[in-house]
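Participant: Input structure: run-v9.cif, which contains mmCIF, C-alpha atoms and all ligand atoms.
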data_coords
#
loop_
_atom_site.label_atom_id
_atom_site.label_comp_id
_atom_site.auth_asym_id
_atom_site.auth_seq_id
_atom_site.Cartn_x
_atom_site.Cartn_y
_atom_site.Cartn_z
CA MET A 1 61.76 126.13 34.27
CA SER A 2 60.29 129.54 34.48
CA ALA A 3 58.77 129.13 31.05
CA SER A 4 56.40 126.44 32.22
CA ASN A 5 55.27 128.49 35.18
CA GLU A 6 54.66 131.53 33.09
CA THR A 7 52.64 129.79 30.44
CA GLN A 8 50.53 128.05 33.01
CA GLY A 9 50.10 131.16 35.08
CA ALA A 10 48.91 133.09 32.06
CA GLU A 11 45.95 130.81 31.49
CA GLY A 12 43.94 132.11 34.39
CA GLY A 13 43.61 135.56 32.86
CA ALA A 14 45.80 138.49 33.78
CA ASP A 15 43.32 140.47 35.89
CA GLU A 16 42.25 137.67 38.14
CA PRO A 17 43.92 137.59 41.50
CA PRO A 18 45.91 134.42 41.99
CA GLN A 19 43.67 131.60 43.13
CA PRO A 20 44.79 129.45 46.02
CA ASP A 21 45.31 126.59 43.59
CA ASN A 22 47.13 128.77 41.10
CA THR A 23 50.62 127.77 39.98
CA PHE A 24 51.85 130.87 41.78
CA TYR A 25 51.64 129.03 45.07
CA GLU A 26 52.97 125.78 43.73
CA CYS A 27 56.00 124.16 45.17
CA ASN A 28 58.93 124.39 42.76
CA ILE A 29 59.68 120.71 43.26
CA CYS A 30 56.43 118.75 43.25
CA PHE A 31 54.54 121.38 41.18
CA ASP A 32 51.63 121.03 43.57
CA THR A 33 50.22 123.57 46.01
CA ALA A 34 52.96 123.88 48.61
CA LYS A 35 52.22 122.11 51.84
CA ASP A 36 54.10 122.96 55.00
CA PRO A 37 55.32 125.83 52.86
CA ILE A 38 58.67 127.44 53.39
CA VAL A 39 60.37 130.16 51.42
CA SER A 40 64.09 130.42 50.79
CA MET A 41 66.12 133.59 51.27
CA CYS A 42 66.11 133.93 47.49
CA GLY A 43 62.31 133.95 47.56
CA HIS A 44 61.50 130.54 46.14
CA LEU A 45 58.60 128.57 47.51
CA PHE A 46 58.72 124.87 48.38
CA CYS A 47 57.00 122.29 50.51
CA TRP A 48 59.25 121.67 53.43
CA PRO A 49 59.22 117.88 52.81
CA CYS A 50 60.20 118.44 49.18
CA LEU A 51 63.06 120.80 49.93
CA HIS A 52 64.22 118.67 52.81
CA ARG A 53 64.46 115.69 50.53
CA TRP A 54 66.41 117.69 47.96
CA LEU A 55 68.86 118.89 50.61
CA GLU A 56 69.38 115.30 51.67
CA THR A 57 69.92 114.24 48.09
CA ARG A 58 72.96 116.48 47.80
CA PRO A 59 74.16 117.21 51.29
CA ASN A 60 77.46 118.59 50.06
CA ARG A 61 76.01 120.96 47.56
CA GLN A 62 72.90 122.57 48.92
CA VAL A 63 71.59 125.03 46.38
CA CYS A 64 68.17 126.42 45.57
CA PRO A 65 66.63 124.22 42.84
CA VAL A 66 65.39 127.30 41.03
CA CYS A 67 68.21 129.85 41.15
CA LYS A 68 71.17 127.89 42.57
CA ALA A 69 71.61 130.31 45.46
CA GLY A 70 72.97 128.79 48.63
CA ILE A 71 70.21 127.31 50.74
CA GLY A 72 70.00 125.30 53.94
CA LYS A 73 67.85 124.24 56.82
CA GLU A 74 68.59 127.43 58.75
CA LYS A 75 68.12 129.66 55.76
CA VAL A 76 64.45 129.09 55.07
CA ILE A 77 61.38 130.72 56.55
CA PRO A 78 58.14 128.83 57.23
CA ILE A 79 54.93 130.42 56.03
CA TYR A 80 51.76 130.29 58.10
CA GLY A 81 48.60 131.29 56.28
CA ARG A 82 45.57 132.59 58.12
CA GLY A 83 43.39 129.74 57.00
CA SER A 84 45.75 127.00 58.00
CA THR A 85 43.75 124.83 60.31
CA ASN A 86 46.75 122.95 61.48
CA GLN A 87 48.64 125.27 63.79
CA GLN A 88 50.77 122.44 64.96
CA ASP A 89 54.28 123.29 66.05
CA PRO A 90 56.46 122.66 62.99
CA ARG A 91 58.93 120.80 65.18
CA GLU A 92 56.34 118.12 65.65
CA LYS A 93 55.98 117.69 61.92
CA LEU A 94 57.97 115.21 59.96
CA PRO A 95 60.41 115.91 58.58
CA PRO A 96 60.89 118.79 60.96
CA ARG A 97 60.26 122.10 59.33
CA PRO A 98 62.62 124.78 60.66
CA GLN A 99 61.15 127.24 63.08
CA GLY A 100 60.41 130.81 62.28
CA GLN A 101 63.02 133.03 63.84
CA ARG A 102 61.30 134.87 66.58
CA SER A 103 62.75 138.21 67.60
CA GLU A 104 62.40 138.82 71.31
CA PRO A 105 60.07 141.62 72.36
CA GLU A 106 61.44 144.41 74.56
CA THR A 107 59.88 143.14 77.78
CA GLN A 108 62.22 141.74 80.37
CA GLY A 109 61.78 139.28 83.17
CA GLY A 110 58.98 136.86 83.82
CA PHE A 111 58.80 133.52 82.16
CA PRO A 112 57.75 134.13 78.58
CA GLY A 113 57.09 130.48 77.87
CA PHE A 114 58.26 128.98 74.64
CA GLY A 115 59.73 132.15 73.26
CA PHE A 116 62.23 131.94 76.08
CA SER A 117 65.51 132.44 74.31
CA ASP A 118 67.89 130.66 76.55
CA GLY A 119 70.62 128.62 74.91
CA GLY A 120 69.95 125.76 77.29
CA PHE A 121 66.37 125.44 76.21
CA HIS A 122 67.03 125.27 72.53
CA MET A 123 69.96 123.02 72.95
CA SER A 124 68.29 120.44 75.10
CA PHE A 125 65.21 120.41 72.98
CA GLY A 126 67.23 120.12 69.80
CA ILE A 127 69.07 117.13 71.10
CA GLY A 128 65.86 115.46 72.10
CA ALA A 129 64.05 115.99 68.83
CA PHE A 130 66.91 115.46 66.45
CA PRO A 131 67.33 111.69 66.17
CA PHE A 132 63.65 111.24 66.06
CA GLY A 133 63.36 113.66 63.17
CA ILE A 134 65.98 111.75 61.22
CA PHE A 135 64.28 108.44 61.76
CA ALA A 136 60.93 109.79 60.85
CA SER A 137 62.03 111.57 57.70
CA THR A 138 63.71 108.44 56.40
CA PHE A 139 60.59 106.52 57.04
CA ASN A 140 58.50 109.16 55.42
CA PHE A 141 60.54 109.34 52.26
CA ASN A 142 60.88 105.67 51.67
CA ASP A 143 57.22 105.22 51.15
CA GLY A 144 57.13 108.31 48.98
CA ARG A 145 54.59 110.14 51.04
CA PRO A 146 55.72 113.69 51.60
CA GLY A 147 53.22 114.85 54.19
CA PRO A 148 53.15 114.38 57.92
CA PRO A 149 51.14 111.45 59.22
CA GLU A 150 47.46 112.00 59.38
CA ALA A 151 46.07 113.26 62.62
CA GLY A 152 44.66 110.46 64.69
CA SER A 153 46.77 107.74 63.09
CA PRO A 154 48.76 105.64 65.55
CA GLN A 155 52.00 107.07 64.15
CA HIS A 156 50.79 110.58 64.68
CA THR A 157 49.71 109.90 68.22
CA GLU A 158 53.03 108.36 68.97
CA GLU A 159 54.88 111.32 67.56
CA MET A 160 52.79 113.73 69.53
CA PHE A 161 53.50 111.74 72.63
CA LEU A 162 57.24 111.63 72.03
CA SER A 163 57.37 115.31 71.21
CA LYS A 164 55.57 116.09 74.41
CA VAL A 165 57.96 113.91 76.36
CA PHE A 166 60.93 115.77 74.88
CA LEU A 167 59.27 119.07 75.57
CA TRP A 168 58.65 118.21 79.19
CA VAL A 169 62.19 116.97 79.64
CA ALA A 170 63.38 120.29 78.25
CA ILE A 171 61.08 122.27 80.53
CA LEU A 172 62.13 120.31 83.58
CA PHE A 173 65.75 120.85 82.62
CA ILE A 174 65.27 124.60 82.44
CA PHE A 175 63.38 124.61 85.66
CA TRP A 176 66.19 122.72 87.28
CA LEU A 177 68.67 125.20 85.84
CA LEU A 178 66.68 128.11 87.23
CA VAL A 179 66.26 126.58 90.65
CA ALA A 180 69.79 125.26 91.02
CA MET B 1 56.39 106.54 43.88
CA ALA B 2 53.17 108.45 44.24
CA SER B 3 54.83 111.86 44.23
CA MET B 4 56.75 111.00 41.07
CA GLU B 5 53.58 109.92 39.27
CA LYS B 6 51.68 112.95 40.43
CA ARG B 7 54.30 115.32 39.11
CA LEU B 8 54.69 113.47 35.81
CA GLN B 9 50.95 113.50 35.36
CA LYS B 10 50.92 117.26 35.81
CA GLU B 11 53.81 117.75 33.44
CA LEU B 12 52.26 115.53 30.83
CA GLN B 13 48.98 117.37 31.04
CA ALA B 14 50.61 120.80 30.74
CA LEU B 15 52.95 119.75 27.95
CA THR B 16 50.18 118.14 25.95
CA LYS B 17 47.82 121.05 26.40
CA ASP B 18 50.22 123.92 25.97
CA PRO B 19 53.52 122.80 24.43
CA PRO B 20 56.26 125.30 23.59
CA LYS B 21 57.13 125.76 19.93
CA GLY B 22 58.87 122.77 18.39
CA VAL B 23 58.06 120.38 21.24
CA ARG B 24 55.35 117.72 21.16
CA VAL B 25 54.69 114.73 23.34
CA SER B 26 54.66 111.91 20.83
CA PRO B 27 51.41 110.02 20.62
CA ASP B 28 53.22 106.79 19.82
CA GLY B 29 55.06 105.09 22.61
CA THR B 30 54.33 107.57 25.36
CA CYS B 31 51.97 106.97 28.19
CA ARG B 32 51.53 103.29 28.08
CA THR B 33 53.54 103.92 31.17
CA LEU B 34 54.19 107.28 32.82
CA SER B 35 57.81 106.44 33.46
CA GLU B 36 58.79 106.52 29.81
CA TRP B 37 58.01 109.27 27.33
CA ILE B 38 58.87 110.03 23.76
CA VAL B 39 58.95 113.69 22.76
CA ASP B 40 59.16 115.00 19.20
CA LEU B 41 61.47 117.94 18.67
CA ASP B 42 61.75 120.25 15.68
CA GLY B 43 65.00 121.95 14.75
CA ALA B 44 64.52 125.67 15.33
CA PRO B 45 64.00 127.87 12.28
CA GLY B 46 67.06 129.88 11.30
CA THR B 47 69.48 127.31 12.76
CA LEU B 48 71.53 124.49 11.23
CA TYR B 49 68.75 122.09 12.20
CA GLU B 50 65.86 123.92 10.58
CA GLY B 51 63.40 121.49 9.03
CA GLU B 52 64.83 118.46 10.86
CA HIS B 53 62.80 116.37 13.27
CA PHE B 54 64.16 114.45 16.22
CA GLN B 55 62.84 112.15 18.89
CA LEU B 56 63.86 112.27 22.51
CA GLN B 57 63.29 109.44 24.91
CA PHE B 58 62.80 110.23 28.60
CA LYS B 59 63.03 107.55 31.26
CA PHE B 60 62.12 108.43 34.83
CA SER B 61 63.12 106.60 37.97
CA SER B 62 60.85 106.44 40.98
CA ARG B 63 63.06 109.10 42.57
CA TYR B 64 62.17 111.68 39.93
CA PRO B 65 62.28 114.72 40.22
CA PHE B 66 65.06 114.38 42.78
CA ASP B 67 66.83 112.11 40.36
CA SER B 68 67.36 113.38 36.81
CA PRO B 69 65.60 111.64 33.92
CA GLN B 70 67.56 109.57 31.46
CA VAL B 71 67.35 111.47 28.18
CA THR B 72 68.59 110.23 24.81
CA PHE B 73 67.89 110.86 21.17
CA ILE B 74 66.29 107.85 19.51
CA GLY B 75 65.07 106.97 16.04
CA THR B 76 66.67 107.38 12.65
CA ASN B 77 67.69 111.02 12.89
CA ILE B 78 70.23 111.65 15.64
CA PRO B 79 71.31 115.29 15.38
CA LEU B 80 74.83 115.81 14.15
CA HIS B 81 76.18 117.95 16.98
CA PRO B 82 79.46 118.16 18.94
CA HIS B 83 77.65 117.13 22.15
CA VAL B 84 75.46 114.41 20.74
CA TYR B 85 76.93 110.95 20.21
CA SER B 86 75.80 108.82 17.34
CA ASN B 87 74.07 106.44 19.77
CA GLY B 88 71.85 109.30 20.93
CA HIS B 89 73.63 110.08 24.19
CA ILE B 90 73.76 113.78 25.03
CA CYS B 91 76.54 115.51 26.89
CA LEU B 92 74.59 118.18 28.76
CA SER B 93 75.32 119.06 32.36
CA ILE B 94 71.69 119.59 33.46
CA LEU B 95 71.05 115.93 32.70
CA THR B 96 73.48 114.83 35.39
CA GLU B 97 75.38 116.95 37.89
CA ASP B 98 73.54 120.20 37.27
CA TRP B 99 70.10 118.62 37.44
CA SER B 100 67.61 120.35 39.70
CA PRO B 101 64.15 119.14 40.72
CA ALA B 102 62.77 122.48 39.55
CA LEU B 103 63.62 121.46 35.98
CA SER B 104 61.02 119.61 33.96
CA VAL B 105 60.57 117.69 30.73
CA GLN B 106 59.68 120.97 29.10
CA SER B 107 62.74 122.83 30.35
CA VAL B 108 65.00 119.94 29.34
CA CYS B 109 63.51 119.99 25.83
CA LEU B 110 64.01 123.73 25.60
CA SER B 111 67.62 123.42 26.77
CA ILE B 112 68.28 120.77 24.15
CA ILE B 113 66.71 122.87 21.41
CA SER B 114 68.83 125.80 22.53
CA MET B 115 71.93 123.60 22.60
CA LEU B 116 71.23 122.59 19.01
CA SER B 117 70.42 126.13 17.98
CA SER B 118 73.71 127.58 19.14
CA CYS B 119 75.71 125.06 17.12
CA THR B 120 77.90 126.52 14.39
CA GLU B 121 79.29 123.37 12.83
CA LYS B 122 77.52 120.05 12.44
CA LYS B 123 79.91 117.36 13.59
CA ARG B 124 80.13 114.48 16.06
CA PRO B 125 82.06 114.77 19.32
CA PRO B 126 85.77 114.04 18.74
CA ASP B 127 85.64 110.87 20.86
CA ASN B 128 82.44 109.58 19.28
CA SER B 129 83.59 106.22 17.95
CA PHE B 130 85.45 105.33 21.12
CA TYR B 131 82.61 106.42 23.37
CA VAL B 132 79.91 104.63 21.43
CA LYS B 133 81.90 101.38 21.58
CA THR B 134 82.63 101.55 25.28
CA CYS B 135 79.78 103.38 26.97
CA SER B 136 77.02 102.00 29.14
CA LYS B 137 73.50 101.92 27.79
CA ASN B 138 72.55 104.49 30.35
CA PRO B 139 74.12 107.89 29.61
CA LYS B 140 73.76 108.81 33.27
CA LYS B 141 76.46 106.26 34.06
CA THR B 142 78.93 108.22 31.98
CA ARG B 143 81.30 110.50 33.81
CA TRP B 144 80.99 113.38 31.42
CA TRP B 145 83.50 116.11 31.12
CA TYR B 146 81.57 119.19 30.36
CA HIS B 147 84.31 120.60 28.24
CA ASP B 148 82.48 123.43 26.65
CA ASP B 149 79.09 124.56 27.76
CA SER B 150 78.90 127.39 25.27
CA VAL B 151 78.04 125.17 22.32
ZN ZN A 201 56.43 120.19 47.03
ZN ZN A 202 66.15 130.49 44.69
#
Can you present the structure in this file as C-alpha cells?
Facilitator:
Amino acid sequence: MSASNETQGAEGGADEPPQPDNTFYECNICFDTAKDPIVSMCGHLFCWPCLHRWLETRPNRQVCPVCKAGIGKEKVIPIYGRGSTNQQDPREKLPPRPQGQRSEPETQGGFPGFGFSDGGFHMSFGIGAFPFGIFASTFNFNDGRPGPPEAGSPQHTEEMFLSKVFLWVAILFIFWLLVA
Amino acid sequence: MASMEKRLQKELQALTKDPPKGVRVSPDGTCRTLSEWIVDLDGAPGTLYEGEHFQLQFKFSSRYPFDSPQVTFIGTNIPLHPHVYSNGHICLSILTEDWSPALSVQSVCLSIISMLSSCTEKKRPPDNSFYVKTCSKNPKKTRWWYHDDSV
C-alpha cells in the first residue's frame, strides 16, 4: 500500500512542496483528496465518510486500514484547514464527523456558549442528534455518495433545520437545569 | 457505485503509467468494464518462478474498496504453490478477512509476487483435489484456514 503512495508522490519532484492535490493529502481509502478530513491517533488521514463506512463494515474489529492500529469514532481528530470555506459544525454533517476535543480555558464562570462542558449538554444533544445521524449515513451510503448534501438542497435545509431544533432543545434543557 | 469507479479509475491510471516490476495491466480483457481486470505477473528473478508468466483476474463489487476484490489465477499457467489451488484460487488472508480498503490492486499483486517468491518447494496444497471438486466458483465464499502465512 505504501509502495503506490511513494511512487506517485515521487513524480512531483522532490523539492516541490506538496501541492494541495498531491497524494500526500489523499484519503487512504478513496485515494482522493480527503474531504471532511480526519486523522487517526496513528497519524493516518481519511475522509470522515470513508472511515465511517469502513468502521461500519466491521463493527467488531475496528482497525486502521493502513497500520491495523485500534481506531474508533472517539479516537480520530478532525482537521480544519484555513481555506475551508465550509466552517459548518461537523455535527451537522452526514455522517457526523466527531468533534475536536476542546480543552477548557482557565476562565471560570459566565456562560461560555457551546464550549460549555456540562455533561447534561453533551448528553442531551447526543441523544437528539444520534438517530438522525444513523438514518442519514445509511441513506448517504446507499447511493454511494460520500459527501454531505449540497448546500441549498432540500435535504440540506431539512438537516440544518433539524439540527437547529435539537440544538435549541438542548439549550432550553440546560437553561431549565440552571434555573431550576 | 461512483466512489468505486472513481477509485478504480485512479488505480488503473497509476498502474498503467507506473507499474511496479513484474506487474502489468493486461491489454486484453481489461477495461471493457472497470469492474473486471486482468493483470499479467512475472515470476520474480532468483525465485522458483523466475521466467514464468501468470495472469491474475480481479473482479470488483460495487462495494469496493470496502469489500475485497475477487482474485484468482487464470489462463494456462497456474503457479504450482502450496497456497494456490489448481483452479486458480489463492489462499491469502488479505483477500478475505485481512482485507483493508487501504490495499489496492497494486499491493495485492505485490503480495502475491512475494508469496510466490518465498516458496521453497513447488507443490499444490495438500487438499487440492478435494477442494477443487467441492469449492464454489468464488474463492471469497471459501472459509479459508490460514494455516501458514510464512510461505
Ligand atoms: Zn476518502
Ligand atoms: Zn494507522
Participant: Nearest to His53 in chain B: which of B:Ala102, B:Leu15, B:Leu34, B:Leu116 is it, counting all atoms listed in the file?
Facilitator: B:Leu116
Participant: Pick out the chain B residues within 6 Å of chain A. Count only C-alpha atoms. Give them as a PyMOL selection string.
Facilitator: chain B and resi 1+7+100-103+107
Participant: For ligand ZN 201 (chain A), which residue among B:Trp99, B:Trp37, B:Phe66, B:Trp144 is the nearest when counting all atoms listed in the file?
Facilitator: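 Closest to ligand ZN 201 (chain A), using all atoms listed in the file: B:Phe66.
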Participant: Which residues, written as a PyMOL selection string, have at least one atom at most 8 Å from Asn77 in chain B, with all atoms listed in the file counted and residues fewer than 3 positions away on the same chain left out?
Facilitator: chain B and resi 53-55+74
Participant: So that I can see what lies close to Leu12 in chain B, please list as a ChimeraX atom specification the residues with an atom at most 8 Å from it, counting all atoms listed in the file and leaving out residues fewer than 4 positions away in the same chain.
Facilitator: /B:8,16,25
Participant: What is the CA of Tyr25 in chain A-CA of Ser3 in chain B distance in Å, reported with one decimal?
Facilitator: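 So the answer is 17.5 Å.
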Participant: Using all atoms listed in the file, which of the listed residues (A:Arg61, A:Lys75, A:Lys35, A:Lys164) sits closest to ligand ZN 201 (chain A)?
Facilitator: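 Selected residue with least distance to ligand ZN 201 (chain A): A:Lys35.
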Participant: Rank nothing, just name the residue among A:Pro59, A:Ile38, A:Thr23, A:Phe46 nearest to ligand ZN 201 (chain A), using only C-alpha atoms and all ligand atoms.
Facilitator: A:Phe46
Participant: Using CA of Thr76 in chain B and CA of Ser62 in chain B as the two end points, give the distance in Å to one decimal.
Facilitator: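 About the pair CA of Thr76 in chain B and CA of Ser62 in chain B: they are 28.9 Å apart.
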Participant: So which one's closest to ligand ZN 201 (chain A), B:Pro125, B:Gly75, B:Pro65, B:Gly46? Using all atoms listed in the file, please.
Facilitator: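 Closest to ligand ZN 201 (chain A) of all the choices is B:Pro65.
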Participant: Work out how far apart CA of Gly81 in chain A and CA of Cys47 in chain A are and give it in Å to one decimal.
Facilitator: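 For CA of Gly81 in chain A relative to CA of Cys47 in chain A, the distance reads 13.6 Å.
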